[in-house]
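Coordinates from data10.pdb are shown below (PDB, C-alpha atoms).
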```pdb
ATOM      1  CA  MET J   1      18.084   6.559 -14.014  1.00  0.00           C
ATOM      2  CA  ILE J   2      17.364   6.362 -10.263  1.00  0.00           C
ATOM      3  CA  ALA J   3      20.487   8.427  -9.565  1.00  0.00           C
ATOM      4  CA  ALA J   4      19.384  11.137 -12.018  1.00  0.00           C
ATOM      5  CA  ILE J   5      15.894  11.248 -10.475  1.00  0.00           C
ATOM      6  CA  MET J   6      17.451  11.360  -7.001  1.00  0.00           C
ATOM      7  CA  GLU J   7      19.694  14.269  -7.991  1.00  0.00           C
ATOM      8  CA  LYS J   8      16.750  16.127  -9.532  1.00  0.00           C
ATOM      9  CA  MET J   9      14.651  15.563  -6.400  1.00  0.00           C
ATOM     10  CA  ILE J  10      17.462  16.725  -4.100  1.00  0.00           C
ATOM     11  CA  THR J  11      17.868  19.846  -6.228  1.00  0.00           C
ATOM     12  CA  CYS J  12      14.121  20.509  -6.056  1.00  0.00           C
ATOM     13  CA  SER J  13      14.275  20.203  -2.258  1.00  0.00           C
ATOM     14  CA  ASP J  14      16.039  23.586  -2.255  1.00  0.00           C
ATOM     15  CA  GLY J  15      18.403  22.785   0.605  1.00  0.00           C
ATOM     16  CA  ASN J  16      15.744  21.420   2.989  1.00  0.00           C
ATOM     17  CA  ILE J  17      17.950  18.878   4.762  1.00  0.00           C
ATOM     18  CA  HIS J  18      15.020  17.209   6.561  1.00  0.00           C
ATOM     19  CA  ASP J  19      13.219  16.558   3.273  1.00  0.00           C
ATOM     20  CA  ILE J  20      16.407  15.329   1.590  1.00  0.00           C
ATOM     21  CA  ASP J  21      17.341  13.026   4.469  1.00  0.00           C
ATOM     22  CA  HIS J  22      13.783  11.690   4.589  1.00  0.00           C
ATOM     23  CA  LEU J  23      13.575  10.852   0.891  1.00  0.00           C
ATOM     24  CA  ILE J  24      16.972   9.122   1.036  1.00  0.00           C
ATOM     25  CA  ARG J  25      15.889   7.160   4.115  1.00  0.00           C
ATOM     26  CA  VAL J  26      12.583   6.087   2.527  1.00  0.00           C
ATOM     27  CA  TRP J  27      14.327   5.146  -0.720  1.00  0.00           C
ATOM     28  CA  THR J  28      16.903   3.074   1.173  1.00  0.00           C
ATOM     29  CA  TYR J  29      14.259   1.171   3.140  1.00  0.00           C
ATOM     30  CA  ALA J  30      12.081   0.692   0.046  1.00  0.00           C
ATOM     31  CA  LYS J  31      15.019  -0.505  -2.067  1.00  0.00           C
ATOM     32  CA  THR J  32      16.090  -2.926   0.667  1.00  0.00           C
ATOM     33  CA  ILE J  33      12.623  -4.352   1.298  1.00  0.00           C
ATOM     34  CA  GLY J  34      11.894  -4.640  -2.436  1.00  0.00           C
ATOM     35  CA  GLU J  35      15.119  -6.514  -3.097  1.00  0.00           C
ATOM     36  CA  LEU J  36      14.625  -8.792  -0.087  1.00  0.00           C
ATOM     37  CA  GLU J  37      11.075  -9.515  -1.260  1.00  0.00           C
ATOM     38  CA  GLY J  38      12.379 -10.396  -4.720  1.00  0.00           C
ATOM     39  CA  LEU J  39      10.480  -7.836  -6.782  1.00  0.00           C
ATOM     40  CA  ASP J  40      11.017  -8.064 -10.516  1.00  0.00           C
ATOM     41  CA  ASN J  41      13.161  -5.322 -12.081  1.00  0.00           C
ATOM     42  CA  GLU J  42      10.230  -3.272 -13.379  1.00  0.00           C
ATOM     43  CA  ARG J  43       8.337  -3.250 -10.083  1.00  0.00           C
ATOM     44  CA  GLN J  44      11.558  -2.505  -8.175  1.00  0.00           C
ATOM     45  CA  PHE J  45      12.245   0.447 -10.466  1.00  0.00           C
ATOM     46  CA  ILE J  46       8.718   1.839 -10.010  1.00  0.00           C
ATOM     47  CA  LEU J  47       9.018   1.385  -6.239  1.00  0.00           C
ATOM     48  CA  GLU J  48      12.349   3.203  -6.066  1.00  0.00           C
ATOM     49  CA  VAL J  49      11.174   6.136  -8.186  1.00  0.00           C
ATOM     50  CA  ALA J  50       8.047   6.410  -6.040  1.00  0.00           C
ATOM     51  CA  ALA J  51      10.161   6.312  -2.869  1.00  0.00           C
ATOM     52  CA  VAL J  52      12.434   9.089  -4.109  1.00  0.00           C
ATOM     53  CA  THR J  53       9.503  11.295  -5.158  1.00  0.00           C
ATOM     54  CA  HIS J  54       6.852  10.318  -2.591  1.00  0.00           C
ATOM     55  CA  ASP J  55       7.003  13.647  -0.704  1.00  0.00           C
ATOM     56  CA  ILE J  56       7.287  15.848  -3.774  1.00  0.00           C
ATOM     57  CA  ALA J  57       4.242  17.822  -2.612  1.00  0.00           C
ATOM     58  CA  CYS J  58       5.663  18.805   0.810  1.00  0.00           C
ATOM     59  CA  PRO J  59       6.960  22.249  -0.216  1.00  0.00           C
ATOM     60  CA  LEU J  60       3.667  23.088  -1.938  1.00  0.00           C
ATOM     61  CA  CYS J  61       1.662  21.803   1.027  1.00  0.00           C
ATOM     62  CA  ARG J  62       3.677  23.905   3.467  1.00  0.00           C
ATOM     63  CA  GLU J  63       2.971  26.974   1.347  1.00  0.00           C
ATOM     64  CA  LYS J  64      -0.652  26.216   0.465  1.00  0.00           C
ATOM     65  CA  TYR J  65      -1.926  24.569   3.677  1.00  0.00           C
ATOM     66  CA  GLY J  66       0.674  25.495   6.273  1.00  0.00           C
ATOM     67  CA  ASN J  67       1.462  21.821   6.937  1.00  0.00           C
ATOM     68  CA  THR J  68       2.450  18.552   5.287  1.00  0.00           C
ATOM     69  CA  ASP J  69      -0.622  16.528   6.217  1.00  0.00           C
ATOM     70  CA  GLY J  70      -0.548  13.148   4.472  1.00  0.00           C
ATOM     71  CA  LYS J  71      -3.896  13.561   2.717  1.00  0.00           C
ATOM     72  CA  ASN J  72      -2.843  16.921   1.288  1.00  0.00           C
ATOM     73  CA  GLN J  73       0.418  15.366   0.098  1.00  0.00           C
ATOM     74  CA  GLU J  74      -1.539  12.621  -1.641  1.00  0.00           C
ATOM     75  CA  LYS J  75      -3.904  15.103  -3.290  1.00  0.00           C
ATOM     76  CA  GLU J  76      -1.149  17.369  -4.585  1.00  0.00           C
ATOM     77  CA  GLY J  77       1.575  14.781  -5.234  1.00  0.00           C
ATOM     78  CA  GLY J  78       0.202  12.935  -8.272  1.00  0.00           C
ATOM     79  CA  PRO J  79       0.088  15.890 -10.652  1.00  0.00           C
ATOM     80  CA  LEU J  80       3.431  17.216  -9.416  1.00  0.00           C
ATOM     81  CA  VAL J  81       5.214  13.901  -9.912  1.00  0.00           C
ATOM     82  CA  ARG J  82       3.771  13.531 -13.426  1.00  0.00           C
ATOM     83  CA  GLU J  83       5.292  16.856 -14.407  1.00  0.00           C
ATOM     84  CA  PHE J  84       8.545  16.065 -12.565  1.00  0.00           C
ATOM     85  CA  LEU J  85       8.994  12.744 -14.415  1.00  0.00           C
ATOM     86  CA  ALA J  86       7.788  13.937 -17.831  1.00  0.00           C
ATOM     87  CA  ASN J  87      11.222  14.180 -19.494  1.00  0.00           C
ATOM     88  CA  THR J  88      13.060  11.383 -17.722  1.00  0.00           C
ATOM     89  CA  GLY J  89      12.606   8.704 -20.367  1.00  0.00           C
ATOM     90  CA  MET J  90      10.063   6.817 -18.282  1.00  0.00           C
ATOM     91  CA  THR J  91       7.028   5.408 -20.083  1.00  0.00           C
ATOM     92  CA  GLU J  92       3.523   6.764 -19.473  1.00  0.00           C
ATOM     93  CA  THR J  93       2.621   3.458 -17.805  1.00  0.00           C
ATOM     94  CA  GLN J  94       5.558   3.793 -15.416  1.00  0.00           C
ATOM     95  CA  ILE J  95       4.739   7.427 -14.651  1.00  0.00           C
ATOM     96  CA  ASP J  96       1.072   6.523 -14.099  1.00  0.00           C
ATOM     97  CA  ARG J  97       2.004   3.928 -11.483  1.00  0.00           C
ATOM     98  CA  VAL J  98       4.478   6.224  -9.720  1.00  0.00           C
ATOM     99  CA  ALA J  99       1.863   8.998  -9.650  1.00  0.00           C
ATOM    100  CA  PHE J 100      -0.668   6.546  -8.224  1.00  0.00           C
ATOM    101  CA  LEU J 101       1.762   5.432  -5.510  1.00  0.00           C
ATOM    102  CA  VAL J 102       2.726   8.999  -4.614  1.00  0.00           C
ATOM    103  CA  GLY J 103      -0.990   9.824  -4.476  1.00  0.00           C
ATOM    104  CA  HIS J 104      -1.665   6.935  -2.077  1.00  0.00           C
ATOM    105  CA  HIS J 105       1.463   6.568   0.073  1.00  0.00           C
ATOM    106  CA  HIS J 106      -0.451   7.395   3.275  1.00  0.00           C
ATOM    107  CA  THR J 107      -3.433   5.182   2.418  1.00  0.00           C
ATOM    108  CA  LEU J 108      -3.526   1.754   4.045  1.00  0.00           C
ATOM    109  CA  GLU J 109      -6.780   0.523   2.516  1.00  0.00           C
ATOM    110  CA  GLY J 110      -7.005  -1.154  -0.874  1.00  0.00           C
ATOM    111  CA  ILE J 111      -3.292  -1.804  -1.318  1.00  0.00           C
ATOM    112  CA  ASP J 112      -3.077  -3.513  -4.695  1.00  0.00           C
ATOM    113  CA  GLY J 113       0.532  -4.551  -5.031  1.00  0.00           C
ATOM    114  CA  PRO J 114       3.851  -5.082  -3.323  1.00  0.00           C
ATOM    115  CA  ASP J 115       5.208  -1.736  -4.573  1.00  0.00           C
ATOM    116  CA  TRP J 116       2.450   0.134  -2.714  1.00  0.00           C
ATOM    117  CA  GLN J 117       2.779  -2.029   0.407  1.00  0.00           C
ATOM    118  CA  ILE J 118       6.544  -1.614   0.537  1.00  0.00           C
ATOM    119  CA  LEU J 119       6.347   2.166   0.019  1.00  0.00           C
ATOM    120  CA  VAL J 120       3.921   2.421   2.954  1.00  0.00           C
ATOM    121  CA  GLU J 121       6.212   0.320   5.146  1.00  0.00           C
ATOM    122  CA  ALA J 122       9.375   2.211   4.164  1.00  0.00           C
ATOM    123  CA  ASP J 123       7.762   5.605   4.764  1.00  0.00           C
ATOM    124  CA  TYR J 124       6.422   4.425   8.115  1.00  0.00           C
ATOM    125  CA  ILE J 125       9.847   3.235   9.282  1.00  0.00           C
ATOM    126  CA  ALA J 126      11.412   6.572   8.326  1.00  0.00           C
ATOM    127  CA  ASN J 127       8.610   8.628   9.891  1.00  0.00           C
ATOM    128  CA  ALA J 128       8.596   6.570  13.083  1.00  0.00           C
ATOM    129  CA  SER J 129      12.341   6.931  13.570  1.00  0.00           C
ATOM    130  CA  GLU J 130      12.403  10.637  12.684  1.00  0.00           C
ATOM    131  CA  ASN J 131       9.418  11.530  14.864  1.00  0.00           C
ATOM    132  CA  GLY J 132       9.946   9.232  17.830  1.00  0.00           C
ATOM    133  CA  TYR J 133       6.748   7.197  17.497  1.00  0.00           C
ATOM    134  CA  SER J 134       5.831   5.266  20.620  1.00  0.00           C
ATOM    135  CA  GLY J 135       6.523   1.560  20.938  1.00  0.00           C
ATOM    136  CA  GLN J 136       2.760   1.009  21.087  1.00  0.00           C
ATOM    137  CA  SER J 137       2.251   2.825  17.772  1.00  0.00           C
ATOM    138  CA  ILE J 138       5.042   0.851  16.115  1.00  0.00           C
ATOM    139  CA  ARG J 139       3.697  -2.468  17.410  1.00  0.00           C
ATOM    140  CA  LYS J 140       0.210  -1.570  16.182  1.00  0.00           C
ATOM    141  CA  PHE J 141       1.576  -0.796  12.702  1.00  0.00           C
ATOM    142  CA  LEU J 142       3.570  -4.025  12.767  1.00  0.00           C
ATOM    143  CA  GLU J 143       0.489  -6.009  13.741  1.00  0.00           C
ATOM    144  CA  LYS J 144      -2.124  -4.342  11.510  1.00  0.00           C
ATOM    145  CA  ALA J 145      -0.404  -2.736   8.518  1.00  0.00           C
ATOM    146  CA  ALA J 146       2.991  -4.343   7.874  1.00  0.00           C
ATOM    147  CA  LYS J 147       2.543  -7.222   5.445  1.00  0.00           C
ATOM    148  CA  THR J 148       5.903  -8.049   3.881  1.00  0.00           C
ATOM    149  CA  GLU J 149       8.139 -10.413   5.810  1.00  0.00           C
ATOM    150  CA  SER J 150      11.175  -8.253   5.047  1.00  0.00           C
ATOM    151  CA  GLY J 151       9.403  -5.101   6.193  1.00  0.00           C
ATOM    152  CA  LYS J 152       8.369  -6.777   9.442  1.00  0.00           C
ATOM    153  CA  ARG J 153      11.938  -7.924  10.069  1.00  0.00           C
ATOM    154  CA  LEU J 154      13.312  -4.440   9.397  1.00  0.00           C
ATOM    155  CA  ILE J 155      10.745  -2.781  11.661  1.00  0.00           C
ATOM    156  CA  LYS J 156      11.661  -5.187  14.459  1.00  0.00           C
ATOM    157  CA  ALA J 157      15.382  -4.638  13.893  1.00  0.00           C
ATOM    158  CA  VAL J 158      15.213  -0.849  13.616  1.00  0.00           C
ATOM    159  CA  PHE J 159      13.082  -0.432  16.736  1.00  0.00           C
ATOM    160  CA  GLY J 160      14.551  -3.277  18.788  1.00  0.00           C
ATOM    161  CA  ILE J 161      11.355  -5.313  18.953  1.00  0.00           C
ATOM    162  CA  LEU J 162      11.929  -8.956  19.849  1.00  0.00           C
TER
END
```
As a first step, turn the structure in this file into structure tokens.
Amino acid sequence: MIAAIMEKMITCSDGNIHDIDHLIRVWTYAKTIGELEGLDNERQFILEVAAVTHDIACPLCREKYGNTDGKNQEKEGGPLVREFLANTGMTETQIDRVAFLVGHHHTLEGIDGPDWQILVEADYIANASENGYSGQSIRKFLEKAAKTESGKRLIKAVFGIL
């Protein structure tokens, strides 16, 4: 089912290579961290669907707000992902959690589960590498926001932090 959701999301990206590359990058990091952290199959599935769809609101935000600010993405993403996942065979409970994660993937406070934590870490790694975040910014995230051992190891490996 992940492959079908991935294909649908790529198709909805309407040829925007940056968006497509980003969602694949975030999904890859999220999948890797989730597996290394030993998530159960259900939580891993939710995490991967959320990673694939986390920026579903970017095209709308560009049109509506002229940017892809994280808070606007969170506000617009939940309803969009509910509609997007409606006929995929996912349960309402699964869709509810994915919508919640998509609606909070830039929020660092109140993280209530490993799926949310891992999505935040995976998105940060992708954003930091794509946007050339400073070493100071990456170290601050590593120190204050990264919580999973696998995520911390990946951040250090990706950015060459000893």
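Comparing the minimum interatomic distances between J:Asn41 and each of J:Gln73, J:Ala146, J:Asp115, J:Arg153, counting only C-alpha atoms, we find that J:Asp115 sits nearest.
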Just to confirm, what's the straight-line distance from atom CA of J:Arg25 to atom CA of J:Ala126 in Å (one decimal)? 6.2 Å
Between atom CA of J:Gly70 and atom CA of J:Ala4, distance in Å (one decimal):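 Computed distance, atom CA of J:Gly70 to atom CA of J:Ala4, equals 25.9 Å.
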Pick the closest to J:Asp19 from J:Val81, J:Val98, J:Cys58, J:Val120: which is it, counting only C-alpha atoms?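 Among J:Val81, J:Val98, J:Cys58, J:Val120, it is J:Cys58 that comes nearest to J:Asp19.
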Applying the PyMOL selection byres ((chain J and resi 20) around 12) to the file I just gave you, which residues come out? Please list them as a CSV table (one decimal) with C-alpha atoms, keeping the file's coordinate frame.
```csv
chain,number,residue,atom,x,y,z
J,6,MET,CA,17.5,11.4,-7.0
J,7,GLU,CA,19.7,14.3,-8.0
J,8,LYS,CA,16.8,16.1,-9.5
J,9,MET,CA,14.7,15.6,-6.4
J,10,ILE,CA,17.5,16.7,-4.1
J,11,THR,CA,17.9,19.8,-6.2
J,12,CYS,CA,14.1,20.5,-6.1
J,13,SER,CA,14.3,20.2,-2.3
J,14,ASP,CA,16.0,23.6,-2.3
J,15,GLY,CA,18.4,22.8,0.6
J,16,ASN,CA,15.7,21.4,3.0
J,17,ILE,CA,18.0,18.9,4.8
J,18,HIS,CA,15.0,17.2,6.6
J,19,ASP,CA,13.2,16.6,3.3
J,21,ASP,CA,17.3,13.0,4.5
J,22,HIS,CA,13.8,11.7,4.6
J,23,LEU,CA,13.6,10.9,0.9
J,24,ILE,CA,17.0,9.1,1.0
J,25,ARG,CA,15.9,7.2,4.1
J,26,VAL,CA,12.6,6.1,2.5
J,27,TRP,CA,14.3,5.1,-0.7
J,51,ALA,CA,10.2,6.3,-2.9
J,52,VAL,CA,12.4,9.1,-4.1
J,53,THR,CA,9.5,11.3,-5.2
J,54,HIS,CA,6.9,10.3,-2.6
J,55,ASP,CA,7.0,13.6,-0.7
J,56,ILE,CA,7.3,15.8,-3.8
J,58,CYS,CA,5.7,18.8,0.8
J,59,PRO,CA,7.0,22.2,-0.2
```
If I only want stretch 112-124 of chain J, can you write it with all heavy atoms, as a tab-separated table (two decimals), in the first residue's frame?
```
chain	number	residue	atom	x	y	z
J	112	ASP	N	3.86	13.00	21.20
J	112	ASP	CA	3.19	11.96	21.97
J	112	ASP	C	3.48	10.53	21.51
J	112	ASP	O	2.81	9.60	21.94
J	112	ASP	CB	1.68	12.20	21.98
J	112	ASP	CG	1.03	11.98	20.62
J	112	ASP	OD1	1.75	11.72	19.62
J	112	ASP	OD2	-0.22	12.06	20.55
J	113	GLY	N	4.45	10.37	20.65
J	113	GLY	CA	4.75	9.01	20.21
J	113	GLY	C	5.95	8.97	19.30
J	113	GLY	O	6.36	10.00	18.75
J	114	PRO	N	6.50	7.78	19.13
J	114	PRO	CA	7.70	7.66	18.29
J	114	PRO	C	7.43	7.99	16.82
J	114	PRO	O	8.33	8.46	16.13
J	114	PRO	CB	8.13	6.21	18.48
J	114	PRO	CG	6.92	5.49	18.96
J	114	PRO	CD	6.12	6.49	19.72
J	115	ASP	N	6.21	7.77	16.33
J	115	ASP	CA	5.92	8.10	14.94
J	115	ASP	C	6.05	9.61	14.71
J	115	ASP	O	6.67	10.05	13.73
J	115	ASP	CB	4.55	7.58	14.50
J	115	ASP	CG	3.40	7.91	15.44
J	115	ASP	OD1	3.62	8.56	16.49
J	115	ASP	OD2	2.26	7.50	15.13
J	116	TRP	N	5.55	10.40	15.62
J	116	TRP	CA	5.65	11.86	15.52
J	116	TRP	C	7.12	12.30	15.64
J	116	TRP	O	7.62	13.08	14.84
J	116	TRP	CB	4.78	12.51	16.58
J	116	TRP	CG	4.67	14.01	16.54
J	116	TRP	CD1	5.27	14.89	15.69
J	116	TRP	CD2	3.89	14.80	17.43
J	116	TRP	NE1	4.91	16.17	15.99
J	116	TRP	CE2	4.06	16.15	17.06
J	116	TRP	CE3	3.07	14.50	18.52
J	116	TRP	CZ2	3.44	17.20	17.74
J	116	TRP	CZ3	2.45	15.55	19.18
J	116	TRP	CH2	2.63	16.87	18.80
J	117	GLN	N	7.81	11.77	16.63
J	117	GLN	CA	9.21	12.13	16.85
J	117	GLN	C	10.06	11.80	15.62
J	117	GLN	O	10.87	12.61	15.16
J	117	GLN	CB	9.77	11.42	18.08
J	117	GLN	CG	11.24	11.72	18.37
J	117	GLN	CD	11.48	13.19	18.70
J	117	GLN	OE1	10.72	13.78	19.45
J	117	GLN	NE2	12.53	13.76	18.15
J	118	ILE	N	9.87	10.62	15.08
J	118	ILE	CA	10.66	10.19	13.93
J	118	ILE	C	10.34	11.03	12.70
J	118	ILE	O	11.24	11.41	11.95
J	118	ILE	CB	10.47	8.68	13.67
J	118	ILE	CG1	11.08	7.88	14.84
J	118	ILE	CG2	11.08	8.27	12.34
J	118	ILE	CD1	10.69	6.42	14.86
J	119	LEU	N	9.07	11.36	12.49
J	119	LEU	CA	8.71	12.22	11.35
J	119	LEU	C	9.40	13.58	11.46
J	119	LEU	O	9.94	14.08	10.47
J	119	LEU	CB	7.19	12.38	11.27
J	119	LEU	CG	6.68	13.23	10.10
J	119	LEU	CD1	7.10	12.64	8.75
J	119	LEU	CD2	5.16	13.37	10.19
J	120	VAL	N	9.41	14.15	12.65
J	120	VAL	CA	10.09	15.44	12.86
J	120	VAL	C	11.58	15.31	12.54
J	120	VAL	O	12.16	16.16	11.85
J	120	VAL	CB	9.87	15.93	14.32
J	120	VAL	CG1	10.83	17.04	14.68
J	120	VAL	CG2	8.42	16.39	14.50
J	121	GLU	N	12.21	14.26	13.03
J	121	GLU	CA	13.63	14.06	12.79
J	121	GLU	C	13.93	13.84	11.30
J	121	GLU	O	14.87	14.43	10.75
J	121	GLU	CB	14.16	12.88	13.62
J	121	GLU	CG	14.15	13.17	15.11
J	121	GLU	CD	14.54	11.97	15.98
J	121	GLU	OE1	14.93	10.91	15.44
J	121	GLU	OE2	14.44	12.10	17.22
J	122	ALA	N	13.14	13.00	10.65
J	122	ALA	CA	13.35	12.72	9.23
J	122	ALA	C	13.18	13.97	8.38
J	122	ALA	O	13.98	14.25	7.48
J	122	ALA	CB	12.40	11.62	8.76
J	123	ASP	N	12.15	14.75	8.66
J	123	ASP	CA	11.91	15.99	7.91
J	123	ASP	C	13.04	16.99	8.16
J	123	ASP	O	13.49	17.67	7.24
J	123	ASP	CB	10.56	16.58	8.29
J	123	ASP	CG	10.09	17.67	7.35
J	123	ASP	OD1	10.35	17.59	6.13
J	123	ASP	OD2	9.45	18.62	7.83
J	124	TYR	N	13.53	17.04	9.39
J	124	TYR	CA	14.63	17.95	9.70
J	124	TYR	C	15.89	17.56	8.91
J	124	TYR	O	16.54	18.43	8.33
J	124	TYR	CB	14.93	17.99	11.20
J	124	TYR	CG	16.02	19.00	11.49
J	124	TYR	CD1	15.71	20.33	11.67
J	124	TYR	CD2	17.36	18.62	11.51
J	124	TYR	CE1	16.71	21.28	11.88
J	124	TYR	CE2	18.36	19.55	11.70
J	124	TYR	CZ	18.03	20.88	11.89
J	124	TYR	OH	19.02	21.81	12.07
```
